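Listing of upload_15.pdb, PDB, C-alpha atoms
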ATOM      1  CA  MET A   1     -17.108  34.127  54.987  1.00  0.00           C
ATOM      2  CA  PRO A   2     -19.137  37.046  56.409  1.00  0.00           C
ATOM      3  CA  LYS A   3     -21.603  36.282  59.158  1.00  0.00           C
ATOM      4  CA  ILE A   4     -25.180  37.499  59.213  1.00  0.00           C
ATOM      5  CA  VAL A   5     -27.342  37.994  62.262  1.00  0.00           C
ATOM      6  CA  ALA A   6     -31.102  37.757  61.841  1.00  0.00           C
ATOM      7  CA  GLU A   7     -34.181  37.482  63.980  1.00  0.00           C
ATOM      8  CA  VAL A   8     -36.256  34.420  63.139  1.00  0.00           C
ATOM      9  CA  SER A   9     -39.817  33.872  64.283  1.00  0.00           C
ATOM     10  CA  GLU A  10     -40.413  31.045  66.727  1.00  0.00           C
ATOM     11  CA  ASP A  11     -42.499  29.130  64.167  1.00  0.00           C
ATOM     12  CA  ILE A  12     -39.761  29.171  61.553  1.00  0.00           C
ATOM     13  CA  TYR A  13     -37.140  28.210  64.122  1.00  0.00           C
ATOM     14  CA  LYS A  14     -39.283  25.236  65.216  1.00  0.00           C
ATOM     15  CA  ASN A  15     -39.668  24.148  61.580  1.00  0.00           C
ATOM     16  CA  ILE A  16     -35.908  24.350  61.062  1.00  0.00           C
ATOM     17  CA  ALA A  17     -35.235  22.397  64.253  1.00  0.00           C
ATOM     18  CA  GLU A  18     -37.722  19.746  63.142  1.00  0.00           C
ATOM     19  CA  GLU A  19     -36.028  19.382  59.743  1.00  0.00           C
ATOM     20  CA  VAL A  20     -32.648  19.026  61.466  1.00  0.00           C
ATOM     21  CA  GLU A  21     -34.138  16.411  63.813  1.00  0.00           C
ATOM     22  CA  LEU A  22     -35.562  14.489  60.827  1.00  0.00           C
ATOM     23  CA  GLY A  23     -32.119  14.475  59.204  1.00  0.00           C
ATOM     24  CA  ILE A  24     -33.099  16.679  56.262  1.00  0.00           C
ATOM     25  CA  PHE A  25     -30.278  19.028  57.268  1.00  0.00           C
ATOM     26  CA  SER A  26     -27.213  18.304  59.372  1.00  0.00           C
ATOM     27  CA  ASP A  27     -27.621  21.472  61.435  1.00  0.00           C
ATOM     28  CA  THR A  28     -29.451  24.788  61.654  1.00  0.00           C
ATOM     29  CA  ALA A  29     -26.758  26.671  59.733  1.00  0.00           C
ATOM     30  CA  GLU A  30     -27.085  24.325  56.757  1.00  0.00           C
ATOM     31  CA  ALA A  31     -30.880  24.748  56.730  1.00  0.00           C
ATOM     32  CA  ILE A  32     -30.612  28.536  56.792  1.00  0.00           C
ATOM     33  CA  ASN A  33     -27.864  28.637  54.142  1.00  0.00           C
ATOM     34  CA  THR A  34     -29.956  26.417  51.865  1.00  0.00           C
ATOM     35  CA  ALA A  35     -33.016  28.643  52.346  1.00  0.00           C
ATOM     36  CA  LEU A  36     -31.020  31.797  51.580  1.00  0.00           C
ATOM     37  CA  LYS A  37     -29.579  30.266  48.404  1.00  0.00           C
ATOM     38  CA  LYS A  38     -33.053  29.221  47.235  1.00  0.00           C
ATOM     39  CA  ILE A  39     -34.496  32.657  47.915  1.00  0.00           C
ATOM     40  CA  TYR A  40     -31.654  34.374  46.058  1.00  0.00           C
ATOM     41  CA  ALA A  41     -32.009  31.989  43.099  1.00  0.00           C
ATOM     42  CA  GLN A  42     -35.749  32.722  42.918  1.00  0.00           C
ATOM     43  CA  LYS A  43     -35.069  36.455  43.057  1.00  0.00           C
ATOM     44  CA  SER A  44     -32.585  36.101  40.189  1.00  0.00           C
ATOM     45  CA  ARG A  45     -35.084  34.115  38.097  1.00  0.00           C
ATOM     46  CA  ASN A  46     -37.794  36.708  38.725  1.00  0.00           C
ATOM     47  CA  TYR A  47     -35.442  39.508  37.689  1.00  0.00           C
ATOM     48  CA  LEU A  48     -34.463  37.650  34.518  1.00  0.00           C
ATOM     49  CA  LYS A  49     -38.141  37.094  33.624  1.00  0.00           C
ATOM     50  CA  TRP A  50     -38.878  40.775  34.232  1.00  0.00           C
ATOM     51  CA  LEU A  51     -35.901  41.849  32.130  1.00  0.00           C
ATOM     52  CA  MET A  52     -36.870  39.516  29.291  1.00  0.00           C
ATOM     53  CA  LYS A  53     -40.403  40.916  29.304  1.00  0.00           C
ATOM     54  CA  LYS A  54     -39.140  44.504  29.445  1.00  0.00           C
ATOM     55  CA  GLU A  55     -36.770  43.967  26.522  1.00  0.00           C
ATOM     56  CA  GLY A  56     -39.245  41.891  24.517  1.00  0.00           C
ATOM     57  CA  ILE A  57     -37.070  38.788  24.506  1.00  0.00           C
ATOM     58  CA  THR A  58     -38.833  35.450  24.158  1.00  0.00           C
ATOM     59  CA  GLU A  59     -37.825  32.304  26.006  1.00  0.00           C
ATOM     60  CA  GLU A  60     -36.870  30.731  22.678  1.00  0.00           C
ATOM     61  CA  GLN A  61     -34.521  33.629  21.869  1.00  0.00           C
ATOM     62  CA  MET A  62     -32.940  33.392  25.325  1.00  0.00           C
ATOM     63  CA  LEU A  63     -32.376  29.654  25.023  1.00  0.00           C
ATOM     64  CA  ARG A  64     -30.854  30.085  21.577  1.00  0.00           C
ATOM     65  CA  GLU A  65     -28.465  32.713  22.939  1.00  0.00           C
ATOM     66  CA  LEU A  66     -27.492  30.477  25.873  1.00  0.00           C
ATOM     67  CA  ALA A  67     -26.775  27.611  23.471  1.00  0.00           C
ATOM     68  CA  LEU A  68     -24.428  29.882  21.502  1.00  0.00           C
ATOM     69  CA  LEU A  69     -22.600  30.904  24.676  1.00  0.00           C
ATOM     70  CA  ARG A  70     -22.054  27.276  25.712  1.00  0.00           C
ATOM     71  CA  LYS A  71     -20.304  26.360  22.458  1.00  0.00           C
TER      72      LYS A  71
END

Go ahead and render the structure in this file as structure tokens.
Amino acid sequence: MPKIVAEVSEDIYKNIAEEVELGIFSDTAEAINTALKKIYAQKSRNYLKWLMKKEGITEEQMLRELALLRK
């Protein structure tokens, strides 16, 4: 798995350390990986919403199409 190096503000690092201390995450790496996954998922949802709006697709049409794909 590729490694990423990033600078993190002191406030964010303290928040991460606190969540690790509280047992929310097992370690700092898990907390950061979880945050990155959530951010990427939100970005994907925002893109999908934008694309649906651009193409004039309603939520109902999208859900119908997804149901057909799952069959």

Please evaluate the PyMOL selection byres ((chain A and resi 24-30) around 12) against the structure above and give the resulting residues as a tab-separated table (two decimals) with C-alpha atoms, in the frame of the given file.
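Output contents, as saved in expr_37.tsv:
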chain	number	residue	atom	x	y	z
A	3	LYS	CA	-21.60	36.28	59.16
A	4	ILE	CA	-25.18	37.50	59.21
A	5	VAL	CA	-27.34	37.99	62.26
A	8	VAL	CA	-36.26	34.42	63.14
A	12	ILE	CA	-39.76	29.17	61.55
A	13	TYR	CA	-37.14	28.21	64.12
A	14	LYS	CA	-39.28	25.24	65.22
A	15	ASN	CA	-39.67	24.15	61.58
A	16	ILE	CA	-35.91	24.35	61.06
A	17	ALA	CA	-35.24	22.40	64.25
A	18	GLU	CA	-37.72	19.75	63.14
A	19	GLU	CA	-36.03	19.38	59.74
A	20	VAL	CA	-32.65	19.03	61.47
A	21	GLU	CA	-34.14	16.41	63.81
A	22	LEU	CA	-35.56	14.49	60.83
A	23	GLY	CA	-32.12	14.48	59.20
A	31	ALA	CA	-30.88	24.75	56.73
A	32	ILE	CA	-30.61	28.54	56.79
A	33	ASN	CA	-27.86	28.64	54.14
A	34	THR	CA	-29.96	26.42	51.86
A	35	ALA	CA	-33.02	28.64	52.35
A	36	LEU	CA	-31.02	31.80	51.58
A	37	LYS	CA	-29.58	30.27	48.40

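The gap separating CA of Glu65 (chain A) from CA of Leu51 (chain A) is 14.9 Å, in Å to one decimal.
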
Hey, can I get the axis-aligned box for region 14-22 of chain A? All listed atoms, 6 Å padding on each side, centre and edge lengths in Å to one decimal, as JSON.
{"center_x": -36.2, "center_y": 19.9, "center_z": 62.5, "size_x": 19.0, "size_y": 22.7, "size_z": 17.5}

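Pairwise distance (CA of Met62 (chain A), CA of Lys49 (chain A)) equals 10.5 Å.
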
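The interatomic distance for the pair CA of Glu7 (chain A) and CA of Ser44 (chain A) works out to 23.9 Å.
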